[in-house]
Structure formats: C-alpha cells, structure tokens
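> Sharing a structure, written as structure tokens. Questions coming.
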Amino acid sequence: MRTKSAESVFTIGVDLGGTTTSFAIVDSSGKIIAKELISTRTSSVDEWADNLSCGIEKLIVSSGIGGNIKGIGIGAPCANAVTGCIEAATDLPWKSPIPLAQMMEKRLGLPTTITNDANAAAIGEMAYGSALGLKNFIVLTLGTGVGSGIVCDGHLLSGTRGFAGELGHMTFSFASDRECACGRKGCLQTVASAKGIIETTRRLLRESDTPSSLRDIPADELSPLAVQQAARDGDNIAREIYDFTGRCLGMAAAEFASITDPEAIILFGGVSKAGDLLLNPMKEAFRQSVLHLYRDTVKLTVSGLRDADAAILGAASLPYLGQD
Ligand SMILES: [Zn+2]
C-alpha cells in the first residue's frame, strides 16, 4: 500500500476528534515528520476547516518538505468514505451532513479521502502496527462508544453506503438489559465502551457490600482509567468489572470470528489500556464460546500503537489505498 521508491512523497493525516483535531505530515515509510493540533470546538465547520487549512499550510512551510504531497486523509466520526461526507455525527459540534472531502479539496487543492475513525485505526494497524502484514483482521475501538474496522482479504470493508462493520451495535444477550444511545437494547458498546465500564461499576457497587476504593470516587469522576488503577491495586470489585467486560468481549469476538475468519482481533482505545486485565478473561471466554474452526487461529491482542498516532497514520495512508 505504500510506495517504496518514492521516499520524498508525503501525505497529510488528520484525526478529527470531538474536542481536538490532530494533523501531521507523514512520509511514505510511516514516519511522522511534524505534528500539530487545533480545537474542534469552533462555532462553524467553515471556521474549523479554515483553521485546519491554515495549520496544514504552516506545517508544510515549517517542515520544508516542498510540494511533494500526495493527498490528505481524514479519519472522523461517522465519516462516509463513499460520499466523502460526515453523516449525523453526534460527537461533533456542527450540523451534519458535512461535505468534508470537498471542503478541504477546495481550500488546499489536494485530493482528500475520508473514512470513519475506527477504519482509520484499522488502516493504521495494517500499515504500521499490530496488523502489519495481515490480510484479515478486525480492530475494535473501545472508547466513548465501540467502533470497528474490518479488513478482509486485504481490503477494508465499506459496504454499499460506507457503513459496514458497526460491530459495536451488534446485540448480545449479556447486555439485554442495557439501553444503547442508538435506541436499541443489548448493543456491545453498552458494556465495552467507557460508558459501559462506568455503568458496570455503578451496578456492581449497588448490588454488593464488598468494600471498594471505587466507592470513594464521586460519580462524575469515575472513569475506565480509575477502575484500571483500582484493579491493579487489588480492588476486587474493579477486577470483577474488567473480568465481566473481558468475558463479554470474548463472547462477542467469538461471534465476529465467524464473519471473516480473521487472523487477529485487535483492541484499541482507552478501555483497552487495561491490557491483561481485559485480555485474559476475553481469551478464556473466546475459547469457551467460539466455533471449533476458529478456536486456535485467532490472535486476540491490544494495539501497540499510541491512539492518536494510529488514527493519524491510518488517515495518512488513505491517499495510497487502492494503488497496489
Ligand atoms: Zn446501539
């Protein structure tokens, strides 16, 4: 997917998040040459696009790379690779749909490709991370929600309208009593997202008298990170929270395995920082529930890339896609 002979070719990778937008100049080997960030909380999308264009131009000048820029890739919530638009993104402060690719092309005169943030992470993993060299894998992004990017036979699945692979909204019986932001019940993200972890914490604290340091944390300060820390300090409730979450992820991953027969399922995002606290129960539940065909063939792992970098690197790879 990367050109080997053209060392002097660069792309711009943009990770558009709900609060900040990170962008970087990346060379063809995946090295970040220069990086910058701007606020996403502007009053209009035009103001944000002007700020981003200005920031990219400055970065190009200060890094002295000249005009060898192949294109811009943007990873963004609810970004549709087929239409080039952001569709109904609830995490962004602007009205959707937003014709993002077109807006940036008009401002900078560079070909611009967009994809949703989970897909950008999947591409980043494929180009530079844990999925390097793999042709079949699934990335699950465990953040505010649960997103996913599915690569099958070397291609990122996008589907008819660009919405393929919303695995976070597949429903499971272990979450049947939880309502999802999408209006349905039982979605994986009601358990495996940051909000899901907090909900599990509330439930376990309510249902038992077991002493826990989590009881001392004000409700609005509870976070997956706080639960991770408590679990590492030996707190039984905190361990149970990650044990439950890991088991749910294992059961879900067992079902996902049969969709594409992947070589790996890679966890990414804040919740996955729990590492073995999450992976060990996940692996055990996966083995117990997966169809025998996939029992010993799917590697379950946590991304080795830093979150922001994987998204930027994935986005920066977009201009090369389809060129092999
Ligand atoms: Zn849902």
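Ligands are numbered from 1 in the order shown, chains are lettered A, B, ... in the order of the structure tokens, and residues start at 1 in each chain.
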May I ask you to write as a ChimeraX atom specification all residues lying at most 12 Å from ligand 1, with only C-alpha atoms and all ligand atoms counted?
/A:145-147,166-172,175-176,178-193,196
> List the neighbours of A:Glu240 out to 10 Å using only C-alpha atoms; skip same-chain residues closer than 4 positions along the sequence, and give me the result as a PyMOL selection string.
chain A and resi 200-201+204+231+235-236+244-246+277
> Restricting the calculation to only C-alpha atoms, which member of A:Asp296, A:Asp117, A:Asp50, A:Glu105 is positioned closest to A:Ala264?
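Ranked by minimum distance to A:Ala264, first place goes to A:Asp296.
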> Would you mind listing what lies within 8 Å of A:Ile312 as a PyMOL selection string, with only C-alpha atoms counted and same-chain residues fewer than 3 positions away left out?
chain A and resi 13-15+22-24+74-75+120+124+308-309+315-316
> Those residues with N, CA and C atoms, as a CSV table (one decimal), in the first residue's frame please?

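Output file result.csv follows:
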```csv
chain,number,residue,atom,x,y,z
A,13,GLY,N,-2.1,13.4,7.4
A,13,GLY,CA,-3.0,12.6,8.1
A,13,GLY,C,-3.8,13.5,9.1
A,14,VAL,N,-5.1,13.4,9.1
A,14,VAL,CA,-5.9,14.2,10.1
A,14,VAL,C,-6.8,13.3,10.9
A,15,ASP,N,-6.7,13.5,12.2
A,15,ASP,CA,-7.6,12.8,13.1
A,15,ASP,C,-8.6,13.8,13.8
A,22,SER,N,-6.0,16.5,15.5
A,22,SER,CA,-4.6,16.4,15.3
A,22,SER,C,-4.3,16.2,13.9
A,23,PHE,N,-3.2,16.8,13.4
A,23,PHE,CA,-2.8,16.5,12.0
A,23,PHE,C,-1.3,16.5,11.9
A,24,ALA,N,-0.8,15.7,10.9
A,24,ALA,CA,0.6,15.5,10.8
A,24,ALA,C,1.0,15.3,9.3
A,74,ILE,N,-8.4,11.8,6.1
A,74,ILE,CA,-9.0,12.3,7.3
A,74,ILE,C,-9.8,11.1,8.0
A,75,GLY,N,-9.5,10.9,9.2
A,75,GLY,CA,-10.4,9.9,10.0
A,75,GLY,C,-11.3,10.7,10.9
A,120,ALA,N,-9.9,4.2,10.2
A,120,ALA,CA,-8.6,4.9,10.1
A,120,ALA,C,-7.6,4.1,11.1
A,124,GLY,N,-4.3,2.2,10.1
A,124,GLY,CA,-3.0,2.4,10.8
A,124,GLY,C,-2.4,1.2,11.3
A,308,ALA,N,-3.5,8.3,19.3
A,308,ALA,CA,-3.6,9.4,18.3
A,308,ALA,C,-2.7,9.1,17.1
A,309,ASP,N,-1.6,8.4,17.3
A,309,ASP,CA,-0.7,8.1,16.2
A,309,ASP,C,-1.4,7.1,15.2
A,315,ALA,N,-5.1,7.5,8.7
A,315,ALA,CA,-5.6,8.6,7.8
A,315,ALA,C,-4.6,8.9,6.8
A,316,ALA,N,-3.3,9.0,7.2
A,316,ALA,CA,-2.2,9.4,6.2
A,316,ALA,C,-2.0,8.3,5.2
```
> Counting only C-alpha atoms, figure out which residue out of A:Leu279, A:Ala238, A:Met104, A:Leu132 gets nearest to A:Gly30.
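Ranking A:Leu279, A:Ala238, A:Met104, A:Leu132 by distance to A:Gly30, first place goes to A:Leu132.
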> Return as a ChimeraX atom specification the full set of residues in stretch 34-202 of chain A whose backbone-based DSSP assignment is strand (DSSP E).
/A:34-39,69-76,79-80,85-86,112-116,137-142,146-152,155-156
> Between A:Ala101, A:Ala81, A:Leu92, A:Cys248, which has the minimum distance to A:Arg161 (counting only C-alpha atoms)?
A:Ala81
> Would you work out the distance separating atom CA of A:Ser272 from atom CA of A:Arg202, expressed in Å to one decimal?
19.7 Å
> Between A:Val9, A:Leu16, A:Leu300, A:Leu100, single out the one closest to A:Gly71, counting only C-alpha atoms.
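With only C-alpha atoms as the atom set, the closest residue is A:Val9.
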> Set the distance at 12 Å and use only C-alpha atoms: which residues neighbour stretch 54-56 of chain A once local chain neighbours fewer than 3 positions away are removed? I'd like the list as a PyMOL selection string.
chain A and resi 11-14+21-25+34-39+47-51+59-63+69+71-72+104+107-108+110
> Report the residues of stretch 97-237 of chain A whose backbone DSSP state falls under alpha helix (DSSP H), written as a PyMOL selection string.
chain A and resi 100-108+117-128+189-192+194-207+224-232+236-237
> Save out the residues we just selected, N, CA and C atoms, as a CSV table (one decimal), in the first residue's frame.

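Listed below is the output, selection.csv:
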```csv
chain,number,residue,atom,x,y,z
A,100,LEU,N,-17.0,17.0,3.9
A,100,LEU,CA,-15.7,17.3,4.4
A,100,LEU,C,-14.6,17.2,3.3
A,101,ALA,N,-14.6,16.1,2.5
A,101,ALA,CA,-13.6,15.9,1.5
A,101,ALA,C,-13.6,17.1,0.5
A,102,GLN,N,-14.8,17.5,0.1
A,102,GLN,CA,-14.9,18.6,-0.9
A,102,GLN,C,-14.4,19.9,-0.3
A,103,MET,N,-14.7,20.1,1.0
A,103,MET,CA,-14.3,21.4,1.6
A,103,MET,C,-12.8,21.5,1.7
A,104,MET,N,-12.1,20.4,2.0
A,104,MET,CA,-10.7,20.5,2.1
A,104,MET,C,-10.0,20.6,0.8
A,105,GLU,N,-10.6,19.9,-0.2
A,105,GLU,CA,-10.0,20.0,-1.6
A,105,GLU,C,-10.1,21.4,-2.1
A,106,LYS,N,-11.2,22.0,-1.8
A,106,LYS,CA,-11.4,23.4,-2.3
A,106,LYS,C,-10.4,24.4,-1.6
A,107,ARG,N,-10.1,24.1,-0.4
A,107,ARG,CA,-9.2,25.1,0.3
A,107,ARG,C,-7.7,24.8,0.0
A,108,LEU,N,-7.3,23.6,-0.1
A,108,LEU,CA,-5.9,23.3,-0.3
A,108,LEU,C,-5.5,22.7,-1.6
A,117,ASP,N,-13.4,7.0,12.0
A,117,ASP,CA,-12.2,6.9,12.8
A,117,ASP,C,-11.8,5.5,13.1
A,118,ALA,N,-12.7,4.5,13.3
A,118,ALA,CA,-12.4,3.1,13.5
A,118,ALA,C,-11.7,2.5,12.3
A,119,ASN,N,-12.1,2.9,11.1
A,119,ASN,CA,-11.5,2.4,9.9
A,119,ASN,C,-10.1,3.0,9.8
A,120,ALA,N,-9.9,4.2,10.2
A,120,ALA,CA,-8.6,4.9,10.1
A,120,ALA,C,-7.6,4.1,11.1
A,121,ALA,N,-8.1,3.7,12.3
A,121,ALA,CA,-7.3,3.0,13.2
A,121,ALA,C,-6.9,1.6,12.6
A,122,ALA,N,-7.9,1.0,11.9
A,122,ALA,CA,-7.6,-0.3,11.3
A,122,ALA,C,-6.5,-0.2,10.2
A,123,ILE,N,-6.6,0.8,9.4
A,123,ILE,CA,-5.6,1.0,8.4
A,123,ILE,C,-4.3,1.4,9.0
A,124,GLY,N,-4.3,2.2,10.1
A,124,GLY,CA,-3.0,2.4,10.8
A,124,GLY,C,-2.4,1.2,11.3
A,125,GLU,N,-3.2,0.3,11.8
A,125,GLU,CA,-2.7,-1.0,12.3
A,125,GLU,C,-2.1,-1.8,11.2
A,126,MET,N,-2.8,-1.8,10.1
A,126,MET,CA,-2.4,-2.6,8.9
A,126,MET,C,-1.1,-2.1,8.3
A,127,ALA,N,-1.0,-0.7,8.3
A,127,ALA,CA,0.2,-0.1,7.7
A,127,ALA,C,1.4,-0.1,8.6
A,128,TYR,N,1.2,0.1,9.9
A,128,TYR,CA,2.3,0.3,10.7
A,128,TYR,C,2.3,-0.4,12.1
A,189,GLN,N,-21.6,-2.1,22.7
A,189,GLN,CA,-21.0,-0.8,23.3
A,189,GLN,C,-21.6,-0.4,24.6
A,190,THR,N,-22.8,-1.0,25.0
A,190,THR,CA,-23.3,-0.6,26.3
A,190,THR,C,-22.5,-1.3,27.4
A,191,VAL,N,-21.7,-2.2,27.0
A,191,VAL,CA,-20.8,-2.9,28.0
A,191,VAL,C,-19.3,-2.5,27.8
A,192,ALA,N,-18.9,-2.5,26.6
A,192,ALA,CA,-17.4,-2.5,26.3
A,192,ALA,C,-16.9,-1.1,26.1
A,194,ALA,N,-16.3,3.1,27.3
A,194,ALA,CA,-16.1,3.8,28.6
A,194,ALA,C,-17.3,4.0,29.4
A,195,LYS,N,-18.4,4.3,28.7
A,195,LYS,CA,-19.7,4.5,29.4
A,195,LYS,C,-20.2,3.1,29.9
A,196,GLY,N,-19.9,2.1,29.2
A,196,GLY,CA,-20.3,0.7,29.6
A,196,GLY,C,-19.6,0.3,30.9
A,197,ILE,N,-18.3,0.6,31.0
A,197,ILE,CA,-17.5,0.3,32.2
A,197,ILE,C,-18.0,1.0,33.4
A,198,ILE,N,-18.4,2.3,33.2
A,198,ILE,CA,-18.9,3.1,34.3
A,198,ILE,C,-20.3,2.5,34.7
A,199,GLU,N,-21.1,2.1,33.8
A,199,GLU,CA,-22.4,1.6,34.1
A,199,GLU,C,-22.2,0.2,34.9
A,200,THR,N,-21.3,-0.6,34.4
A,200,THR,CA,-21.0,-1.8,35.2
A,200,THR,C,-20.5,-1.5,36.6
A,201,THR,N,-19.7,-0.5,36.7
A,201,THR,CA,-19.2,-0.1,38.1
A,201,THR,C,-20.4,0.2,39.0
A,202,ARG,N,-21.3,1.1,38.4
A,202,ARG,CA,-22.4,1.5,39.2
A,202,ARG,C,-23.2,0.3,39.7
A,203,ARG,N,-23.5,-0.6,38.7
A,203,ARG,CA,-24.3,-1.8,39.1
A,203,ARG,C,-23.7,-2.6,40.1
A,204,LEU,N,-22.4,-2.9,40.0
A,204,LEU,CA,-21.7,-3.8,40.9
A,204,LEU,C,-21.6,-3.2,42.3
A,205,LEU,N,-21.4,-1.9,42.3
A,205,LEU,CA,-21.3,-1.2,43.6
A,205,LEU,C,-22.7,-1.2,44.3
A,206,ARG,N,-23.7,-1.1,43.5
A,206,ARG,CA,-25.1,-1.1,44.1
A,206,ARG,C,-25.5,-2.5,44.6
A,207,GLU,N,-25.1,-3.5,43.8
A,207,GLU,CA,-25.5,-4.8,44.1
A,207,GLU,C,-24.8,-5.6,45.2
A,224,PRO,N,-12.8,4.7,33.2
A,224,PRO,CA,-12.2,3.4,33.0
A,224,PRO,C,-10.8,3.4,33.6
A,225,LEU,N,-10.1,4.6,33.5
A,225,LEU,CA,-8.7,4.6,34.0
A,225,LEU,C,-8.7,4.5,35.5
A,226,ALA,N,-9.6,5.1,36.2
A,226,ALA,CA,-9.7,5.0,37.7
A,226,ALA,C,-10.0,3.5,38.1
A,227,VAL,N,-10.9,2.8,37.3
A,227,VAL,CA,-11.2,1.4,37.6
A,227,VAL,C,-10.0,0.6,37.3
A,228,GLN,N,-9.2,0.9,36.2
A,228,GLN,CA,-8.0,0.1,35.9
A,228,GLN,C,-7.0,0.2,37.0
A,229,GLN,N,-6.8,1.5,37.5
A,229,GLN,CA,-5.9,1.7,38.6
A,229,GLN,C,-6.3,0.9,39.9
A,230,ALA,N,-7.6,0.9,40.2
A,230,ALA,CA,-8.1,0.2,41.4
A,230,ALA,C,-7.8,-1.3,41.2
A,231,ALA,N,-8.1,-1.8,40.0
A,231,ALA,CA,-7.9,-3.2,39.7
A,231,ALA,C,-6.4,-3.6,39.9
A,232,ARG,N,-5.5,-2.8,39.4
A,232,ARG,CA,-4.1,-3.0,39.6
A,232,ARG,C,-3.7,-3.0,41.1
A,236,ASN,N,-11.2,-5.8,44.5
A,236,ASN,CA,-11.9,-6.9,44.0
A,236,ASN,C,-13.0,-6.5,43.0
A,237,ILE,N,-13.8,-5.5,43.4
A,237,ILE,CA,-14.8,-5.0,42.5
A,237,ILE,C,-14.3,-4.6,41.2
```
> Which is closer to A:Ala164 than all the others in A:Ser53, A:Ser148, A:Asn280, A:Thr20, using only C-alpha atoms?
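Among A:Ser53, A:Ser148, A:Asn280, A:Thr20, it is A:Ser148 that comes nearest to A:Ala164.
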